[in-house]
Every structure is written in structure tokens, then in C-alpha cells.
>>> print(open('target-v3.pdb').read())   # PDB, C-alpha atoms
ATOM      1  CA  MET A   1      -4.875  -7.491  62.046
ATOM      2  CA  ARG A   2      -6.311  -9.800  64.697
ATOM      3  CA  LYS A   3      -6.264 -13.583  64.154
ATOM      4  CA  LEU A   4      -9.468 -15.472  64.683
ATOM      5  CA  PRO A   5      -9.266 -18.523  66.960
ATOM      6  CA  ASN A   6      -9.277 -21.808  65.058
ATOM      7  CA  ILE A   7     -11.912 -23.999  66.699
ATOM      8  CA  PHE A   8     -11.388 -26.948  64.307
ATOM      9  CA  ASN A   9      -7.841 -27.775  65.524
ATOM     10  CA  PRO A  10      -8.937 -29.790  68.608
ATOM     11  CA  LEU A  11     -11.653 -31.602  66.628
ATOM     12  CA  LEU A  12      -9.484 -32.645  63.665
ATOM     13  CA  PRO A  13      -7.457 -35.432  65.374
ATOM     14  CA  ALA A  14     -10.612 -36.825  66.944
ATOM     15  CA  ALA A  15     -12.395 -36.946  63.563
ATOM     16  CA  VAL A  16      -9.459 -38.706  61.875
ATOM     17  CA  LEU A  17      -9.262 -41.267  64.700
ATOM     18  CA  CYS A  18     -12.988 -42.013  64.414
ATOM     19  CA  LEU A  19     -12.719 -42.497  60.656
ATOM     20  CA  VAL A  20      -9.795 -44.939  61.007
ATOM     21  CA  LEU A  21     -11.661 -46.955  63.646
ATOM     22  CA  VAL A  22     -14.773 -47.209  61.486
ATOM     23  CA  LEU A  23     -12.719 -48.462  58.547
ATOM     24  CA  LEU A  24     -10.875 -51.052  60.643
ATOM     25  CA  LEU A  25     -13.981 -52.372  62.361
ATOM     26  CA  SER A  26     -16.081 -52.580  59.202
ATOM     27  CA  GLY A  27     -13.738 -55.130  57.651
ATOM     28  CA  ARG A  28     -12.819 -55.698  54.060
ATOM     29  CA  ASP A  29     -16.136 -57.212  53.023
ATOM     30  CA  GLY A  30     -18.012 -53.961  53.496
ATOM     31  CA  LEU A  31     -15.658 -51.910  51.321
ATOM     32  CA  CYS A  32     -15.123 -54.146  48.349
ATOM     33  CA  GLN A  33     -18.145 -55.986  46.996
ATOM     34  CA  GLU A  34     -18.268 -58.146  43.918
ATOM     35  CA  ILE A  35     -20.755 -57.045  41.279
ATOM     36  CA  PRO A  36     -22.917 -59.977  40.189
ATOM     37  CA  GLY A  37     -22.567 -60.301  36.319
ATOM     38  CA  GLN A  38     -18.839 -59.544  36.230
ATOM     39  CA  ALA A  39     -17.677 -62.839  37.654
ATOM     40  CA  GLY A  40     -16.429 -64.162  34.320
ATOM     41  CA  ILE A  41     -14.458 -61.072  33.313
ATOM     42  CA  GLU A  42     -11.142 -62.345  34.652
ATOM     43  CA  SER A  43     -11.476 -65.620  32.777
ATOM     44  CA  SER A  44     -12.460 -64.005  29.447
ATOM     45  CA  GLN A  45      -9.419 -61.714  29.371
ATOM     46  CA  GLY A  46      -7.263 -64.546  28.109
ATOM     47  CA  LEU A  47      -9.316 -64.881  24.896
ATOM     48  CA  SER A  48      -8.103 -63.082  21.785
ATOM     49  CA  ALA A  49     -10.364 -61.436  19.190
ATOM     50  CA  PRO A  50     -10.230 -62.663  15.585
ATOM     51  CA  PRO A  51      -8.008 -60.517  13.312
ATOM     52  CA  PHE A  52      -9.820 -57.633  11.557
ATOM     53  CA  SER A  53      -9.960 -57.484   7.785
ATOM     54  CA  TYR A  54     -11.669 -54.738   5.740
ATOM     55  CA  GLN A  55     -14.099 -55.991   3.116
ATOM     56  CA  THR A  56     -13.727 -53.684   0.093
ATOM     57  CA  GLU A  57     -16.433 -55.350  -1.939
ATOM     58  CA  GLY A  58     -19.376 -52.963  -2.387
ATOM     59  CA  ARG A  59     -17.769 -50.221  -0.268
ATOM     60  CA  PRO A  60     -16.102 -46.947  -1.303
ATOM     61  CA  ASP A  61     -12.347 -46.562  -1.030
ATOM     62  CA  PRO A  62     -11.730 -44.728   2.285
ATOM     63  CA  PHE A  63      -8.597 -43.065   0.903
ATOM     64  CA  ARG A  64     -10.193 -41.587  -2.238
ATOM     65  CA  PRO A  65     -11.343 -37.934  -1.831
ATOM     66  CA  PHE A  66     -15.072 -37.246  -1.965
ATOM     67  CA  ILE A  67     -14.610 -34.152  -4.141
ATOM     68  CA  THR A  68     -12.999 -34.672  -7.508
ATOM     69  CA  PRO A  69     -11.148 -31.861  -9.325
ATOM     70  CA  LYS A  70     -12.869 -30.139 -12.228
ATOM     71  CA  ALA A  71     -12.443 -31.940 -15.499
ATOM     72  CA  ALA A  72     -11.391 -30.258 -18.712
ATOM     73  CA  ALA A  73     -13.951 -28.040 -20.429
ATOM     74  CA  PRO A  74     -16.857 -30.003 -21.892
ATOM     75  CA  ALA A  75     -17.095 -30.298 -25.660
ATOM     76  CA  GLY A  76     -20.047 -27.879 -25.888
ATOM     77  CA  THR A  77     -18.245 -24.821 -24.423
ATOM     78  CA  ASN A  78     -17.437 -21.721 -26.438
ATOM     79  CA  PRO A  79     -13.667 -21.410 -27.138
ATOM     80  CA  ASP A  80     -14.040 -17.602 -27.362
ATOM     81  CA  GLU A  81     -15.407 -17.346 -23.817
ATOM     82  CA  ILE A  82     -13.216 -15.287 -21.477
ATOM     83  CA  VAL A  83     -11.747 -17.290 -18.605
ATOM     84  CA  ASP A  84     -11.252 -15.441 -15.323
ATOM     85  CA  ALA A  85      -8.223 -16.277 -13.210
ATOM     86  CA  GLU A  86      -9.181 -17.704  -9.824
ATOM     87  CA  THR A  87      -7.357 -15.147  -7.683
ATOM     88  CA  GLU A  88      -8.678 -13.194  -4.733
ATOM     89  CA  LEU A  89      -9.384  -9.574  -5.631
ATOM     90  CA  THR A  90      -7.973  -6.908  -3.302
ATOM     91  CA  GLY A  91      -7.778  -3.132  -3.155
ATOM     92  CA  MET A  92      -8.715  -1.381  -6.394
ATOM     93  CA  GLN A  93      -9.388  -4.738  -8.083
ATOM     94  CA  LEU A  94     -12.722  -4.760  -6.260
ATOM     95  CA  PHE A  95     -13.884  -1.829  -8.453
ATOM     96  CA  GLU A  96     -14.513  -2.001 -12.172
ATOM     97  CA  PRO A  97     -13.414   1.158 -14.074
ATOM     98  CA  GLY A  98     -17.056   2.082 -14.725
ATOM     99  CA  GLN A  99     -17.705   2.308 -10.971
ATOM    100  CA  LEU A 100     -15.027   4.988 -10.477
ATOM    101  CA  THR A 101     -15.006   8.700 -11.316
ATOM    102  CA  LEU A 102     -11.794  10.605 -12.068
ATOM    103  CA  VAL A 103     -11.582  13.586  -9.698
ATOM    104  CA  GLY A 104      -8.072  14.937 -10.157
ATOM    105  CA  VAL A 105      -4.586  14.412 -11.561
ATOM    106  CA  LEU A 106      -1.370  15.359  -9.775
ATOM    107  CA  SER A 107       2.156  15.365 -11.219
ATOM    108  CA  SER A 108       5.089  14.826  -8.862
ATOM    109  CA  GLU A 109       8.748  13.789  -8.985
ATOM    110  CA  ARG A 110       7.727  10.164  -8.487
ATOM    111  CA  GLY A 111       5.354  10.279 -11.442
ATOM    112  CA  PRO A 112       1.733  11.186 -12.055
ATOM    113  CA  VAL A 113      -0.959  10.254  -9.531
ATOM    114  CA  ALA A 114      -4.708  10.307 -10.139
ATOM    115  CA  MET A 115      -7.497  10.533  -7.584
ATOM    116  CA  VAL A 116     -10.698   8.593  -8.212
ATOM    117  CA  GLU A 117     -13.948   8.293  -6.251
ATOM    118  CA  ASP A 118     -16.376   5.422  -5.902
ATOM    119  CA  GLN A 119     -20.168   5.811  -5.670
ATOM    120  CA  THR A 120     -19.965   6.554  -1.931
ATOM    121  CA  LYS A 121     -17.627   9.515  -2.648
ATOM    122  CA  LYS A 122     -14.679   7.736  -1.014
ATOM    123  CA  GLY A 123     -11.405   8.767  -2.665
ATOM    124  CA  TYR A 124      -8.523   6.559  -3.807
ATOM    125  CA  LEU A 125      -5.093   7.375  -5.247
ATOM    126  CA  ILE A 126      -3.916   5.396  -8.263
ATOM    127  CA  LYS A 127      -0.516   5.344  -9.973
ATOM    128  CA  LEU A 128       0.873   3.782 -13.127
ATOM    129  CA  GLY A 129       0.641  -0.001 -12.890
ATOM    130  CA  THR A 130      -2.178  -0.020 -10.306
ATOM    131  CA  PRO A 131      -4.517  -2.973 -10.975
ATOM    132  CA  ILE A 132      -8.157  -1.907 -11.379
ATOM    133  CA  GLY A 133     -11.010  -4.357 -11.788
ATOM    134  CA  ARG A 134     -10.572  -8.008 -12.685
ATOM    135  CA  ARG A 135      -8.399  -7.443 -15.743
ATOM    136  CA  GLY A 136      -7.317  -3.788 -15.864
ATOM    137  CA  VAL A 137      -4.030  -1.994 -15.158
ATOM    138  CA  VAL A 138      -3.428   1.774 -15.212
ATOM    139  CA  ALA A 139      -1.338   2.347 -18.362
ATOM    140  CA  GLN A 140      -1.259   6.174 -18.633
ATOM    141  CA  ILE A 141      -2.164   9.135 -16.469
ATOM    142  CA  GLU A 142      -2.606  12.308 -18.493
ATOM    143  CA  GLN A 143      -3.780  15.845 -17.661
ATOM    144  CA  GLU A 144      -7.524  15.184 -18.080
ATOM    145  CA  GLN A 145      -7.797  11.395 -18.325
ATOM    146  CA  VAL A 146      -6.547   7.998 -17.144
ATOM    147  CA  VAL A 147      -6.022   5.142 -19.617
ATOM    148  CA  ILE A 148      -6.650   1.615 -18.336
ATOM    149  CA  MET A 149      -5.566  -1.411 -20.386
ATOM    150  CA  GLU A 150      -7.665  -4.529 -19.835
ATOM    151  CA  SER A 151      -6.371  -7.872 -21.026
ATOM    152  CA  ALA A 152      -8.180 -11.200 -20.908
ATOM    153  CA  ARG A 153      -7.541 -14.709 -22.151
ATOM    154  CA  THR A 154     -10.126 -16.935 -23.845
ATOM    155  CA  ARG A 155     -10.523 -20.687 -23.430
ATOM    156  CA  ALA A 156      -8.668 -21.147 -26.709
ATOM    157  CA  GLY A 157      -5.705 -19.172 -25.312
ATOM    158  CA  LYS A 158      -6.287 -16.050 -27.396
ATOM    159  CA  GLU A 159      -5.285 -12.760 -25.714
ATOM    160  CA  ILE A 160      -7.914  -9.974 -25.912
ATOM    161  CA  THR A 161      -6.868  -6.408 -25.056
ATOM    162  CA  SER A 162      -9.190  -3.432 -24.635
ATOM    163  CA  THR A 163      -8.680   0.180 -23.570
ATOM    164  CA  VAL A 164     -10.870   2.021 -21.057
ATOM    165  CA  ILE A 165     -10.496   5.800 -20.728
ATOM    166  CA  MET A 166     -11.650   7.589 -17.583
ATOM    167  CA  ARG A 167     -12.120  11.303 -18.293
ATOM    168  CA  MET A 168     -12.312  14.053 -15.714
ATOM    169  CA  ASN A 169     -15.701  15.763 -15.531
ATOM    170  CA  LYS A 170     -15.806  19.503 -16.019
ATOM    171  CA  GLU A 171     -17.360  21.657 -13.304
ATOM    172  CA  GLY A 172     -20.779  21.794 -14.985
ATOM    173  CA  ASP A 173     -20.844  18.059 -15.901
ATOM    174  CA  LYS A 174     -22.221  15.341 -13.674
TER     175      LYS A 174
END
>>> encode(input="target-v3.pdb", output="C-alpha cells")
Amino acid sequence: MRKLPNIFNPLLPAAVLCLVLVLLLSGRDGLCQEIPGQAGIESSQGLSAPPFSYQTEGRPDPFRPFITPKAAAPAGTNPDEIVDAETELTGMQLFEPGQLTLVGVLSSERGPVAMVEDQTKKGYLIKLGTPIGRRGVVAQIEQEQVVIMESARTRAGKEITSTVIMRMNKEGDK
């Protein structure tokens, strides 16, 4: 590869020399000028500001949170109302048992497994103990059906248990 000649090498020392001469001949007055209006800045630096104090009268407490936690249930609420746990639903908990259709049951060494479909015909495998819906758990898997036990707690603390049975459709049923 061929090197190009550098034409700036002879000009560089001359340019630096000219710049130094201009700076020396211009003197200090041309480089550093005093801005009119800032003459008293040096003298005011010795002053100290009065100490700061926060006036709490008529102002909110800056350390108190804006959002307060929920209070206990108001007096007019129904004690038999079911209280849902505030947990994030995942997997089969996103489907209520009524949204699923039992398609098949399989028995294996590890225990029975059932296959269910949602409305979009997407299949899922469920085993004993699989949580389904907000409150349900698969309790039994039999030849033609799956038994789901749903348990809920009321505001009064009473435990309510219900049973949901998913039956397999016959070939002619819809």
C-alpha cells in the first residue's frame, strides 16, 4: 500500500508559532475581561445564609405516605361474602372449570392424568393436586370424569367447600 505525502507537516510548526505570537502580543487584557455586574461577587462570598428551618404548620408531613393501607371492612359489609386471596393467578388457575372440556383420561405408573381443552381447542394435562381456577384443586381423576374441590373463605372466616365434576363427552355429544 502506498503512503500519501503529508502536506500539513511543514505548515504545523508555522501555525503554532503564529498562534503563540498572537497570544503574547495581545496581552492579558484582551483575554480576560471583567463582566460588569459581577464586581461584588468576591465580596459577597464571605456572607453566610440564615439557617433553614421547615415550617410544619399548615403543611403535610413529608415522611407520611400518600397512599394509606386499606382499613378493616366497613360495618355495612356482608360477613358471608367470599373473600378472594390477592395472589397472582398462573397456569391452569387462569381457567375456571366451566371454561374447560375433559377430552381424555390416561392412567400411568405415576398416577392418572387427564387432558382438558379450552375454548380455543388448546390442550392441557392436569394431575392430582393441580390448581384450577381461583379456588379449585383436582381431587380425583376417574375413568370418565375429573372431580375438582373448590374451597373459599368468607369475611367471617367460615370455610365453604364445593365440588365441580367435569365429565367426558361421548362421541355424539357436544
>>> resolve_selection(input="target-v3.pdb", expression="the PyMOL selection byres ((chain A and resi 146-151) around 7)", output="PyMOL selection string")
chain A and resi 135-142+145+152+159-167
>>> residues_around(input="target-v3.pdb", residues="segment 97-105 of chain A", least_positions_apart="2", cutoff="7 Å", atoms="all atoms listed in the file", output="MDAnalysis selection string")
chainID A and resid 95 107 113:119 132:133 143 166:168
>>> residues_near_point(input="target-v3.pdb", point="(-12.3, -18.0, -14.0)", cutoff="12 Å", atoms="all atoms listed in the file", output="list in words")
Glu81, Ile82, Val83, Asp84, Ala85, Glu86, Thr87, Glu88, Arg134, Arg135, Ala152, Arg153, Thr154 and Arg155 of chain A
>>> atom_distance(input="target-v3.pdb", atom1="atom CA of Leu89 of chain A", atom2="atom CA of Pro131 of chain A")
9.8 Å
>>> closest_residue(input="target-v3.pdb", among="A:Lys127, A:Arg64, A:Lys170, A:Arg59", to="Ser108 of chain A", atoms="all atoms listed in the file")
A:Lys127
